[in-house]
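Listing of target12.csv; format and content: CSV, C-alpha atoms.
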chain,number,residue,atom,x,y,z
L,1,MET,CA,-39.3,-21.8,-38.0
L,2,ASP,CA,-41.4,-20.6,-41.0
L,3,PHE,CA,-45.1,-20.6,-40.9
L,4,TYR,CA,-48.0,-19.6,-43.2
L,5,GLU,CA,-51.5,-19.7,-41.8
L,6,LEU,CA,-55.1,-18.5,-42.2
L,7,THR,CA,-57.2,-17.5,-39.2
L,8,THR,CA,-60.5,-16.0,-38.4
L,9,GLU,CA,-59.2,-14.6,-35.1
L,10,PRO,CA,-57.6,-11.2,-34.5
L,11,ILE,CA,-53.9,-11.3,-35.3
L,12,ASP,CA,-51.2,-10.4,-32.7
L,13,VAL,CA,-48.6,-8.6,-34.8
L,14,GLY,CA,-45.9,-8.7,-32.1
L,15,GLU,CA,-46.2,-12.4,-31.6
L,16,ASN,CA,-46.0,-13.0,-35.3
L,17,ALA,CA,-42.6,-11.3,-35.4
L,18,ARG,CA,-41.3,-13.1,-32.3
L,19,ARG,CA,-42.3,-16.6,-33.5
L,20,ILE,CA,-39.8,-16.6,-36.3
L,21,VAL,CA,-36.6,-15.2,-34.7
L,22,PRO,CA,-33.5,-17.5,-34.6
L,23,GLN,CA,-30.2,-16.8,-32.9
L,24,GLU,CA,-28.2,-15.7,-36.0
L,25,CYS,CA,-30.6,-12.9,-36.8
L,26,GLY,CA,-30.2,-9.2,-36.2
L,27,ALA,CA,-33.3,-7.8,-37.7
L,28,THR,CA,-37.0,-8.7,-38.2
L,29,VAL,CA,-39.1,-6.6,-40.6
L,30,THR,CA,-42.9,-7.0,-40.1
L,31,LEU,CA,-45.6,-5.7,-42.4
L,32,ASP,CA,-48.9,-5.0,-40.6
L,33,GLY,CA,-51.6,-4.7,-43.3
L,34,TYR,CA,-54.9,-3.5,-41.9
L,35,VAL,CA,-58.3,-2.3,-43.1
L,36,ARG,CA,-58.4,1.2,-44.6
L,37,ARG,CA,-61.4,3.4,-44.0
L,38,PHE,CA,-61.2,5.3,-47.3
L,39,THR,CA,-60.4,3.7,-50.7
L,40,ASN,CA,-60.4,6.2,-53.7
L,41,GLY,CA,-62.5,8.6,-51.6
L,42,ARG,CA,-65.2,6.1,-50.8
L,43,GLU,CA,-65.8,5.1,-47.2
L,44,THR,CA,-65.7,1.4,-46.3
L,45,GLU,CA,-67.8,0.1,-43.4
L,46,TYR,CA,-66.0,-3.2,-43.1
L,47,LEU,CA,-64.4,-5.9,-45.2
L,48,LEU,CA,-65.2,-9.6,-45.8
L,49,TYR,CA,-62.3,-11.9,-46.9
L,50,ASP,CA,-62.9,-15.2,-48.7
L,51,ALA,CA,-60.2,-17.7,-49.6
L,52,TYR,CA,-59.7,-21.0,-51.4
L,53,GLU,CA,-58.1,-22.1,-48.2
L,54,PRO,CA,-56.1,-25.2,-49.1
L,55,MET,CA,-54.8,-23.6,-52.3
L,56,ALA,CA,-54.0,-20.4,-50.4
L,57,VAL,CA,-51.9,-22.2,-47.9
L,58,LYS,CA,-50.1,-24.1,-50.7
L,59,GLU,CA,-49.4,-20.8,-52.6
L,60,MET,CA,-48.1,-19.2,-49.4
L,61,GLU,CA,-45.8,-22.2,-48.8
L,62,LYS,CA,-44.4,-21.8,-52.3
L,63,LEU,CA,-43.8,-18.0,-51.7
L,64,VAL,CA,-41.9,-18.7,-48.5
L,65,ALA,CA,-39.7,-21.3,-50.3
L,66,LYS,CA,-39.0,-18.9,-53.2
L,67,ALA,CA,-38.3,-15.9,-50.9
L,68,LYS,CA,-35.8,-18.0,-48.9
L,69,ASP,CA,-34.1,-18.9,-52.2
L,70,LYS,CA,-34.0,-15.4,-53.5
L,71,PHE,CA,-33.0,-13.4,-50.4
L,72,GLU,CA,-30.4,-13.7,-47.6
L,73,ILE,CA,-33.0,-14.3,-44.9
L,74,SER,CA,-33.5,-16.9,-42.2
L,75,ASN,CA,-37.2,-17.2,-41.4
L,76,ILE,CA,-40.6,-16.0,-42.6
L,77,GLY,CA,-44.0,-16.0,-40.9
L,78,ILE,CA,-47.2,-15.1,-42.7
L,79,VAL,CA,-50.8,-15.0,-41.3
L,80,HIS,CA,-53.8,-13.8,-43.3
L,81,ARG,CA,-57.1,-13.3,-41.6
L,82,LEU,CA,-60.4,-14.3,-43.2
L,83,GLY,CA,-64.1,-13.4,-42.5
L,84,ARG,CA,-65.4,-10.0,-41.4
L,85,LEU,CA,-62.8,-7.3,-40.5
L,86,GLU,CA,-63.5,-3.9,-39.1
L,87,ILE,CA,-61.7,-0.7,-40.0
L,88,GLY,CA,-58.2,-0.7,-38.5
L,89,GLU,CA,-58.0,-4.5,-37.9
L,90,THR,CA,-55.0,-6.4,-39.1
L,91,SER,CA,-55.8,-8.5,-42.2
L,92,VAL,CA,-52.3,-9.7,-43.0
L,93,VAL,CA,-48.9,-9.9,-41.2
L,94,ILE,CA,-45.7,-10.8,-42.8
L,95,SER,CA,-42.5,-11.1,-40.7
L,96,VAL,CA,-39.1,-11.7,-42.1
L,97,ALA,CA,-36.0,-12.3,-39.9
L,98,ALA,CA,-32.6,-11.9,-41.4
L,99,PRO,CA,-29.0,-11.5,-40.2
L,100,HIS,CA,-29.1,-8.0,-41.7
L,101,ARG,CA,-32.0,-5.7,-42.2
L,102,ARG,CA,-31.7,-4.9,-45.9
L,103,ALA,CA,-32.6,-8.4,-47.1
L,104,ALA,CA,-35.5,-8.5,-44.7
L,105,PHE,CA,-37.0,-5.3,-46.1
L,106,GLU,CA,-36.6,-6.5,-49.6
L,107,ALA,CA,-38.0,-9.9,-49.0
L,108,CYS,CA,-41.0,-8.5,-47.1
L,109,GLU,CA,-41.9,-6.2,-50.0
L,110,TRP,CA,-41.5,-9.0,-52.5
L,111,LEU,CA,-43.7,-11.3,-50.4
L,112,ILE,CA,-46.6,-8.9,-50.0
L,113,LYS,CA,-46.5,-8.1,-53.7
L,114,GLU,CA,-46.5,-11.8,-54.6
L,115,LEU,CA,-49.2,-12.6,-52.0
L,116,LYS,CA,-51.5,-9.9,-53.5
L,117,SER,CA,-51.2,-11.3,-57.0
L,118,LYS,CA,-51.0,-15.1,-56.4
L,119,VAL,CA,-52.6,-16.3,-53.2
L,120,PRO,CA,-56.3,-17.1,-53.8
L,121,ILE,CA,-57.9,-14.7,-51.2
L,122,TRP,CA,-60.5,-12.1,-52.1
L,123,LYS,CA,-61.8,-9.1,-50.3
L,124,LYS,CA,-65.3,-7.6,-50.5
L,125,GLU,CA,-65.6,-3.9,-49.6
L,126,VAL,CA,-68.9,-3.2,-47.9
L,127,TYR,CA,-70.1,0.5,-48.0
L,128,SER,CA,-73.2,2.1,-46.5
L,129,ASP,CA,-74.8,2.0,-50.0
L,130,GLY,CA,-73.4,-1.2,-51.6
L,131,GLU,CA,-70.7,-3.7,-51.7
L,132,VAL,CA,-68.1,-5.0,-54.3
L,133,TRP,CA,-65.7,-7.9,-54.6
L,134,VAL,CA,-62.3,-6.3,-55.2
L,135,GLU,CA,-60.6,-7.6,-58.3
L,136,GLY,CA,-56.8,-7.6,-58.1
L,137,SER,CA,-54.6,-6.9,-61.1
L,138,LYS,CA,-54.2,-9.9,-63.3
L,139,GLN,CA,-51.2,-12.0,-62.2
L,140,GLU,CA,-48.3,-13.5,-63.9
L,141,LYS,CA,-48.1,-17.2,-63.1
L,142,ASP,CA,-44.5,-18.0,-61.9
P,143,MET,CA,-68.5,-39.4,-68.5
P,144,MET,CA,-66.7,-38.5,-65.3
P,145,LYS,CA,-67.5,-36.6,-62.2
P,146,VAL,CA,-65.5,-33.5,-61.1
P,147,THR,CA,-66.0,-30.9,-58.4
P,148,VAL,CA,-66.2,-27.3,-59.4
P,149,LEU,CA,-65.6,-24.5,-56.8
P,150,PHE,CA,-66.3,-20.8,-57.1
P,151,PHE,CA,-65.2,-18.0,-54.8
P,152,GLY,CA,-66.0,-14.3,-54.3
P,153,ALA,CA,-67.3,-12.7,-57.4
P,154,THR,CA,-67.6,-16.0,-59.4
P,155,ALA,CA,-69.6,-17.6,-56.6
P,156,ASP,CA,-72.1,-14.6,-56.8
P,157,GLU,CA,-72.3,-14.9,-60.6
P,158,ALA,CA,-72.7,-18.7,-60.6
P,159,GLY,CA,-75.1,-18.7,-57.6
P,160,THR,CA,-73.1,-21.5,-55.9
P,161,VAL,CA,-69.8,-22.1,-54.2
P,162,ASN,CA,-69.5,-25.8,-55.0
P,163,THR,CA,-71.1,-28.0,-57.6
P,164,GLU,CA,-70.6,-31.5,-59.1
P,165,PHE,CA,-70.1,-31.6,-62.8
P,166,ASP,CA,-70.2,-34.4,-65.5
P,167,LEU,CA,-67.6,-34.1,-68.2
P,168,PRO,CA,-66.7,-36.3,-71.1
P,169,ALA,CA,-63.8,-38.6,-70.4
P,170,ASP,CA,-60.4,-37.3,-71.7
P,171,SER,CA,-61.5,-33.7,-71.4
P,172,SER,CA,-58.6,-31.2,-71.5
P,173,SER,CA,-58.5,-28.4,-68.9
P,174,GLU,CA,-59.6,-25.9,-71.7
P,175,GLU,CA,-62.6,-28.1,-72.7
P,176,ALA,CA,-63.6,-28.6,-69.1
P,177,PHE,CA,-63.5,-24.9,-68.2
P,178,ASP,CA,-65.3,-24.0,-71.4
P,179,THR,CA,-68.1,-26.4,-70.6
P,180,ILE,CA,-68.4,-25.2,-67.1
P,181,ILE,CA,-68.5,-21.5,-68.0
P,182,SER,CA,-71.1,-22.0,-70.7
P,183,THR,CA,-73.4,-23.6,-68.0
P,184,PHE,CA,-73.2,-20.4,-66.0
P,185,PRO,CA,-74.2,-17.5,-68.2
P,186,GLY,CA,-73.3,-15.0,-65.5
P,187,LEU,CA,-69.6,-16.0,-66.0
P,188,THR,CA,-69.3,-15.7,-69.7
P,189,ALA,CA,-68.8,-11.9,-69.7
P,190,ASN,CA,-66.0,-12.3,-67.2
P,191,ARG,CA,-64.4,-15.0,-69.3
P,192,ASP,CA,-64.7,-12.9,-72.5
P,193,ARG,CA,-63.0,-10.0,-70.8
P,194,GLY,CA,-60.2,-12.4,-69.8
P,195,ASP,CA,-60.9,-11.8,-66.1
P,196,LEU,CA,-61.1,-15.4,-65.0
P,197,LEU,CA,-58.4,-17.6,-63.4
P,198,TYR,CA,-58.5,-21.4,-63.3
P,199,ALA,CA,-57.1,-23.9,-60.9
P,200,LEU,CA,-57.0,-27.7,-61.1
P,201,ASN,CA,-56.4,-29.7,-57.9
P,202,ARG,CA,-55.3,-26.5,-56.1
P,203,GLU,CA,-52.7,-25.4,-58.7
P,204,TYR,CA,-53.1,-22.7,-61.4
P,205,VAL,CA,-53.7,-24.3,-64.8
P,206,SER,CA,-51.1,-23.6,-67.4
P,207,GLY,CA,-53.1,-25.3,-70.2
P,208,GLY,CA,-53.3,-28.7,-71.7
P,209,GLU,CA,-53.8,-30.6,-68.4
P,210,GLU,CA,-55.9,-33.8,-68.6
P,211,ILE,CA,-58.9,-33.8,-66.4
P,212,LYS,CA,-59.5,-37.0,-64.4
P,213,GLU,CA,-62.5,-38.4,-62.5
P,214,GLY,CA,-62.7,-36.8,-59.0
P,215,ASP,CA,-60.6,-33.8,-59.9
P,216,GLU,CA,-61.2,-30.4,-58.1
P,217,LEU,CA,-61.6,-27.5,-60.5
P,218,ALA,CA,-61.9,-23.9,-59.5
P,219,VAL,CA,-62.9,-20.7,-61.3
P,220,PHE,CA,-62.2,-17.2,-59.8
P,221,THR,CA,-61.3,-13.6,-60.5
P,222,ALA,CA,-57.9,-12.0,-60.0
P,223,VAL,CA,-57.1,-12.3,-56.3
P,224,SER,CA,-57.3,-9.4,-53.9
P,225,GLY,CA,-55.9,-10.4,-50.6
P,226,GLY,CA,-53.6,-8.4,-48.4

What is this structure when it is put down as structure tokens?
Amino acid sequence: MDFYELTTEPIDVGENARRIVPQECGATVTLDGYVRRFTNGRETEYLLYDAYEPMAVKEMEKLVAKAKDKFEISNIGIVHRLGRLEIGETSVVISVAAPHRRAAFEACEWLIKELKSKVPIWKKEVYSDGEVWVEGSKQEKD
Amino acid sequence: MMKVTVLFFGATADEAGTVNTEFDLPADSSSEEAFDTIISTFPGLTANRDRGDLLYALNREYVSGGEEIKEGDELAVFTAVSGG
């Protein structure tokens, strides 16, 4: 079973990985992306994530379909958290199950790269003395 | 004229001072004309546009140019995404 979801609740990384595993698989690769305290030497207090939710879910659905075309993998699960996140909390989890690990690693790396350039989600870094909406690098569309 | 919904997120919501507004556009507007009209209504966004920093969506899909806008469409203006 594939899934792609948004949530404002804390994410259970282990559960994310387990939900996708079918019988024919021998490996699941899971990326646990979490909130960094220091970015370019500046200390973050917390992050706020905003999303264009229906479009974000649609774009994640497209990425899942494309990844399954492109790599020898079985299932994919993606959850991205929104709202306020404290340092160290998980913001995104991507799990990829595959018969063999290599394809799972490659697909997971491809998925996070694509997610960061295409899925309409934005983070605001809040510092003790200010805040800024982080602007990603300009994407290539398809 | 026709009515459309325009959405802003993150930095563009701050610049526009709103997340969601209704807009009247001339019938038969193209996506280029529509977004031009919208941006010129929000002076805070023109600098972002002139730097090429804005992305545009129509009905929850990235625009590729030349789309025809219809009554009730949902348009969105935002900066390069930064999830993850």

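Of note, atom CA of Gly77 of chain L and atom CA of Glu106 of chain L are spaced 14.9 Å apart.
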
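Distances from L:Glu61, L:Val132, L:Asn40, L:Leu47 to Ile76 of chain L were compared using all atoms listed in the file, and the smallest one belongs to L:Glu61.
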
Using all atoms listed in the file, I'd like a table of the residues in chain L that come within 9 Å of chain P; for each, show the closest atom pair and its distance in Å rounded to one decimal, ordered by chain and ascending number, as a tab-separated table.
residue	atom	partner	partner_atom	distance
L:Gly33	CA	P:Gly226	CA	6.6
L:Tyr34	CA	P:Gly226	CA	8.2
L:Tyr49	CA	P:Gly225	CA	7.5
L:Asp50	CA	P:Gly152	CA	6.5
L:Ala51	CA	P:Phe151	CA	7.2
L:Tyr52	CA	P:Phe151	CA	7.1
L:Pro54	CA	P:Arg202	CA	7.2
L:Met55	CA	P:Arg202	CA	4.8
L:Ala56	CA	P:Arg202	CA	8.4
L:Lys58	CA	P:Arg202	CA	7.9
L:Glu59	CA	P:Glu203	CA	8.3
L:His80	CA	P:Gly226	CA	7.4
L:Ser91	CA	P:Gly226	CA	6.6
L:Val92	CA	P:Gly226	CA	5.7
L:Val93	CA	P:Gly226	CA	8.7
L:Ile112	CA	P:Gly226	CA	7.2
L:Lys113	CA	P:Gly226	CA	8.9
L:Leu115	CA	P:Gly226	CA	7.1
L:Lys116	CA	P:Gly225	CA	5.3
L:Ser117	CA	P:Val223	CA	6.0
L:Lys118	CA	P:Val223	CA	6.7
L:Val119	CA	P:Val223	CA	6.8
L:Pro120	CA	P:Val223	CA	5.5
L:Ile121	CA	P:Gly225	CA	4.8
L:Trp122	CA	P:Ser224	CA	4.6
L:Lys123	CA	P:Ser224	CA	5.8
L:Lys124	CA	P:Gly152	CA	7.7
L:Val132	CA	P:Ala153	CA	8.3
L:Trp133	CA	P:Ala153	CA	5.8
L:Val134	CA	P:Ser224	CA	6.0
L:Glu135	CA	P:Ala222	CA	5.4
L:Gly136	CA	P:Ser224	CA	4.6
L:Ser137	CA	P:Ala222	CA	6.2
L:Lys138	CA	P:Ala222	CA	5.4
L:Gln139	CA	P:Ala222	CA	7.1
L:Lys141	CA	P:Tyr204	CA	7.6

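Surrounding residues of (-70.9, -4.6, -49.4) at most 10 Å away are Thr44, Glu45, Tyr46, Leu47, Leu48, Lys124, Glu125, Val126, Tyr127, Ser128, Asp129, Gly130, Glu131, Val132 and Trp133 of chain L (based on all atoms listed in the file).
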
Using only C-alpha atoms, which protein or nucleic acid residues come within 7 Å of Ser172 of chain P? Drop anything in the same chain fewer than 4 positions from it, and give the result as an MDAnalysis selection string. chainID P and resid 176 208:211

Counting only C-alpha atoms, write as a list in words all protein and nucleic acid residues lying at most 8 Å from (-64.0, -3.9, -38.1) in the file's frame. Val35, Glu45, Tyr46, Leu47, Arg84, Leu85, Glu86, Ile87, Gly88 and Glu89 of chain L

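Using only C-alpha atoms, the nearest neighbour of Thr163 of chain P within the list P:Val219, P:Leu187, P:Val148, P:Ile180 is P:Val148.
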
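Going from atom CA of Ala158 of chain P over to atom CA of Phe184 of chain P, you cover 5.7 Å.
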
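Taking atom CA of Glu164 of chain P as the reference point, atom CA of Thr147 of chain P is found at 4.7 Å.
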
Near-Thr28 of chain L list (12 Å; all atoms listed in the file; drop same-chain fewer than 6 positions) as a PyMOL selection string: chain L and resi 14-22+73-77+94-108

Please produce segment 8-42 of chain L, completed to N, CA and C atoms, as a PDB file, in the coordinates of the input.
ATOM      1  N   THR L   8     -59.390 -16.886 -38.512  1.00  0.00           N
ATOM      2  CA  THR L   8     -60.500 -16.000 -38.400  1.00  0.00           C
ATOM      3  C   THR L   8     -60.461 -15.153 -37.142  1.00  0.00           C
ATOM      4  N   GLU L   9     -59.413 -15.363 -36.342  1.00  0.00           N
ATOM      5  CA  GLU L   9     -59.200 -14.600 -35.100  1.00  0.00           C
ATOM      6  C   GLU L   9     -58.385 -13.403 -35.285  1.00  0.00           C
ATOM      7  N   PRO L  10     -58.487 -12.404 -34.380  1.00  0.00           N
ATOM      8  CA  PRO L  10     -57.600 -11.200 -34.500  1.00  0.00           C
ATOM      9  C   PRO L  10     -56.127 -11.681 -34.435  1.00  0.00           C
ATOM     10  N   ILE L  11     -55.270 -10.963 -35.177  1.00  0.00           N
ATOM     11  CA  ILE L  11     -53.900 -11.300 -35.300  1.00  0.00           C
ATOM     12  C   ILE L  11     -53.036 -10.497 -34.314  1.00  0.00           C
ATOM     13  N   ASP L  12     -52.145 -11.140 -33.550  1.00  0.00           N
ATOM     14  CA  ASP L  12     -51.200 -10.400 -32.700  1.00  0.00           C
ATOM     15  C   ASP L  12     -49.926 -10.181 -33.454  1.00  0.00           C
ATOM     16  N   VAL L  13     -49.740  -8.932 -33.865  1.00  0.00           N
ATOM     17  CA  VAL L  13     -48.600  -8.600 -34.800  1.00  0.00           C
ATOM     18  C   VAL L  13     -47.278  -8.857 -34.110  1.00  0.00           C
ATOM     19  N   GLY L  14     -47.146  -8.471 -32.837  1.00  0.00           N
ATOM     20  CA  GLY L  14     -45.900  -8.700 -32.100  1.00  0.00           C
ATOM     21  C   GLY L  14     -45.512 -10.134 -32.019  1.00  0.00           C
ATOM     22  N   GLU L  15     -46.492 -10.951 -31.716  1.00  0.00           N
ATOM     23  CA  GLU L  15     -46.200 -12.400 -31.600  1.00  0.00           C
ATOM     24  C   GLU L  15     -45.807 -12.986 -32.901  1.00  0.00           C
ATOM     25  N   ASN L  16     -46.409 -12.484 -33.997  1.00  0.00           N
ATOM     26  CA  ASN L  16     -46.000 -13.000 -35.300  1.00  0.00           C
ATOM     27  C   ASN L  16     -44.553 -12.779 -35.570  1.00  0.00           C
ATOM     28  N   ALA L  17     -44.057 -11.597 -35.199  1.00  0.00           N
ATOM     29  CA  ALA L  17     -42.600 -11.300 -35.400  1.00  0.00           C
ATOM     30  C   ALA L  17     -41.756 -12.156 -34.532  1.00  0.00           C
ATOM     31  N   ARG L  18     -42.141 -12.341 -33.252  1.00  0.00           N
ATOM     32  CA  ARG L  18     -41.300 -13.100 -32.300  1.00  0.00           C
ATOM     33  C   ARG L  18     -41.186 -14.568 -32.662  1.00  0.00           C
ATOM     34  N   ARG L  19     -42.241 -15.120 -33.223  1.00  0.00           N
ATOM     35  CA  ARG L  19     -42.300 -16.600 -33.500  1.00  0.00           C
ATOM     36  C   ARG L  19     -41.172 -17.023 -34.436  1.00  0.00           C
ATOM     37  N   ILE L  20     -40.664 -16.118 -35.283  1.00  0.00           N
ATOM     38  CA  ILE L  20     -39.800 -16.600 -36.300  1.00  0.00           C
ATOM     39  C   ILE L  20     -38.282 -16.372 -36.034  1.00  0.00           C
ATOM     40  N   VAL L  21     -37.952 -15.731 -34.891  1.00  0.00           N
ATOM     41  CA  VAL L  21     -36.600 -15.200 -34.700  1.00  0.00           C
ATOM     42  C   VAL L  21     -35.577 -16.305 -34.270  1.00  0.00           C
ATOM     43  N   PRO L  22     -34.590 -16.640 -35.071  1.00  0.00           N
ATOM     44  CA  PRO L  22     -33.500 -17.500 -34.600  1.00  0.00           C
ATOM     45  C   PRO L  22     -32.299 -16.757 -34.146  1.00  0.00           C
ATOM     46  N   GLN L  23     -31.344 -17.445 -33.544  1.00  0.00           N
ATOM     47  CA  GLN L  23     -30.200 -16.800 -32.900  1.00  0.00           C
ATOM     48  C   GLN L  23     -29.327 -15.974 -33.839  1.00  0.00           C
ATOM     49  N   GLU L  24     -29.205 -16.381 -35.100  1.00  0.00           N
ATOM     50  CA  GLU L  24     -28.200 -15.700 -36.000  1.00  0.00           C
ATOM     51  C   GLU L  24     -28.783 -14.390 -36.545  1.00  0.00           C
ATOM     52  N   CYS L  25     -30.032 -14.073 -36.195  1.00  0.00           N
ATOM     53  CA  CYS L  25     -30.600 -12.900 -36.800  1.00  0.00           C
ATOM     54  C   CYS L  25     -30.419 -11.625 -36.046  1.00  0.00           C
ATOM     55  N   GLY L  26     -30.347 -10.536 -36.816  1.00  0.00           N
ATOM     56  CA  GLY L  26     -30.200  -9.200 -36.200  1.00  0.00           C
ATOM     57  C   GLY L  26     -31.310  -8.287 -36.476  1.00  0.00           C
ATOM     58  N   ALA L  27     -32.248  -8.702 -37.321  1.00  0.00           N
ATOM     59  CA  ALA L  27     -33.300  -7.800 -37.700  1.00  0.00           C
ATOM     60  C   ALA L  27     -34.563  -8.579 -38.135  1.00  0.00           C
ATOM     61  N   THR L  28     -35.721  -8.140 -37.685  1.00  0.00           N
ATOM     62  CA  THR L  28     -37.000  -8.700 -38.200  1.00  0.00           C
ATOM     63  C   THR L  28     -37.780  -7.512 -38.772  1.00  0.00           C
ATOM     64  N   VAL L  29     -38.229  -7.645 -40.010  1.00  0.00           N
ATOM     65  CA  VAL L  29     -39.100  -6.600 -40.600  1.00  0.00           C
ATOM     66  C   VAL L  29     -40.518  -7.239 -40.620  1.00  0.00           C
ATOM     67  N   THR L  30     -41.478  -6.480 -40.109  1.00  0.00           N
ATOM     68  CA  THR L  30     -42.900  -7.000 -40.100  1.00  0.00           C
ATOM     69  C   THR L  30     -43.775  -5.974 -40.787  1.00  0.00           C
ATOM     70  N   LEU L  31     -44.532  -6.493 -41.729  1.00  0.00           N
ATOM     71  CA  LEU L  31     -45.600  -5.700 -42.400  1.00  0.00           C
ATOM     72  C   LEU L  31     -46.888  -5.965 -41.669  1.00  0.00           C
ATOM     73  N   ASP L  32     -47.557  -4.918 -41.237  1.00  0.00           N
ATOM     74  CA  ASP L  32     -48.900  -5.000 -40.600  1.00  0.00           C
ATOM     75  C   ASP L  32     -49.864  -4.397 -41.602  1.00  0.00           C
ATOM     76  N   GLY L  33     -50.586  -5.223 -42.334  1.00  0.00           N
ATOM     77  CA  GLY L  33     -51.600  -4.700 -43.300  1.00  0.00           C
ATOM     78  C   GLY L  33     -52.929  -4.679 -42.602  1.00  0.00           C
ATOM     79  N   TYR L  34     -53.610  -3.542 -42.643  1.00  0.00           N
ATOM     80  CA  TYR L  34     -54.900  -3.500 -41.900  1.00  0.00           C
ATOM     81  C   TYR L  34     -55.945  -2.771 -42.796  1.00  0.00           C
ATOM     82  N   VAL L  35     -57.156  -2.777 -42.317  1.00  0.00           N
ATOM     83  CA  VAL L  35     -58.300  -2.300 -43.100  1.00  0.00           C
ATOM     84  C   VAL L  35     -58.372  -0.807 -43.147  1.00  0.00           C
ATOM     85  N   ARG L  36     -58.348  -0.272 -44.377  1.00  0.00           N
ATOM     86  CA  ARG L  36     -58.400   1.200 -44.600  1.00  0.00           C
ATOM     87  C   ARG L  36     -59.843   1.668 -44.581  1.00  0.00           C
ATOM     88  N   ARG L  37     -60.033   2.867 -44.011  1.00  0.00           N
ATOM     89  CA  ARG L  37     -61.400   3.400 -44.000  1.00  0.00           C
ATOM     90  C   ARG L  37     -61.770   3.963 -45.406  1.00  0.00           C
ATOM     91  N   PHE L  38     -60.822   4.672 -46.054  1.00  0.00           N
ATOM     92  CA  PHE L  38     -61.200   5.300 -47.300  1.00  0.00           C
ATOM     93  C   PHE L  38     -60.367   4.674 -48.484  1.00  0.00           C
ATOM     94  N   THR L  39     -61.061   4.229 -49.522  1.00  0.00           N
ATOM     95  CA  THR L  39     -60.400   3.700 -50.700  1.00  0.00           C
ATOM     96  C   THR L  39     -60.944   4.557 -51.887  1.00  0.00           C
ATOM     97  N   ASN L  40     -60.045   5.280 -52.561  1.00  0.00           N
ATOM     98  CA  ASN L  40     -60.400   6.200 -53.700  1.00  0.00           C
ATOM     99  C   ASN L  40     -61.575   7.106 -53.246  1.00  0.00           C
ATOM    100  N   GLY L  41     -61.493   7.611 -52.021  1.00  0.00           N
ATOM    101  CA  GLY L  41     -62.500   8.600 -51.600  1.00  0.00           C
ATOM    102  C   GLY L  41     -63.778   7.993 -51.066  1.00  0.00           C
ATOM    103  N   ARG L  42     -63.961   6.683 -51.225  1.00  0.00           N
ATOM    104  CA  ARG L  42     -65.200   6.100 -50.800  1.00  0.00           C
ATOM    105  C   ARG L  42     -64.999   5.440 -49.403  1.00  0.00           C
TER     106      ARG L  42
END
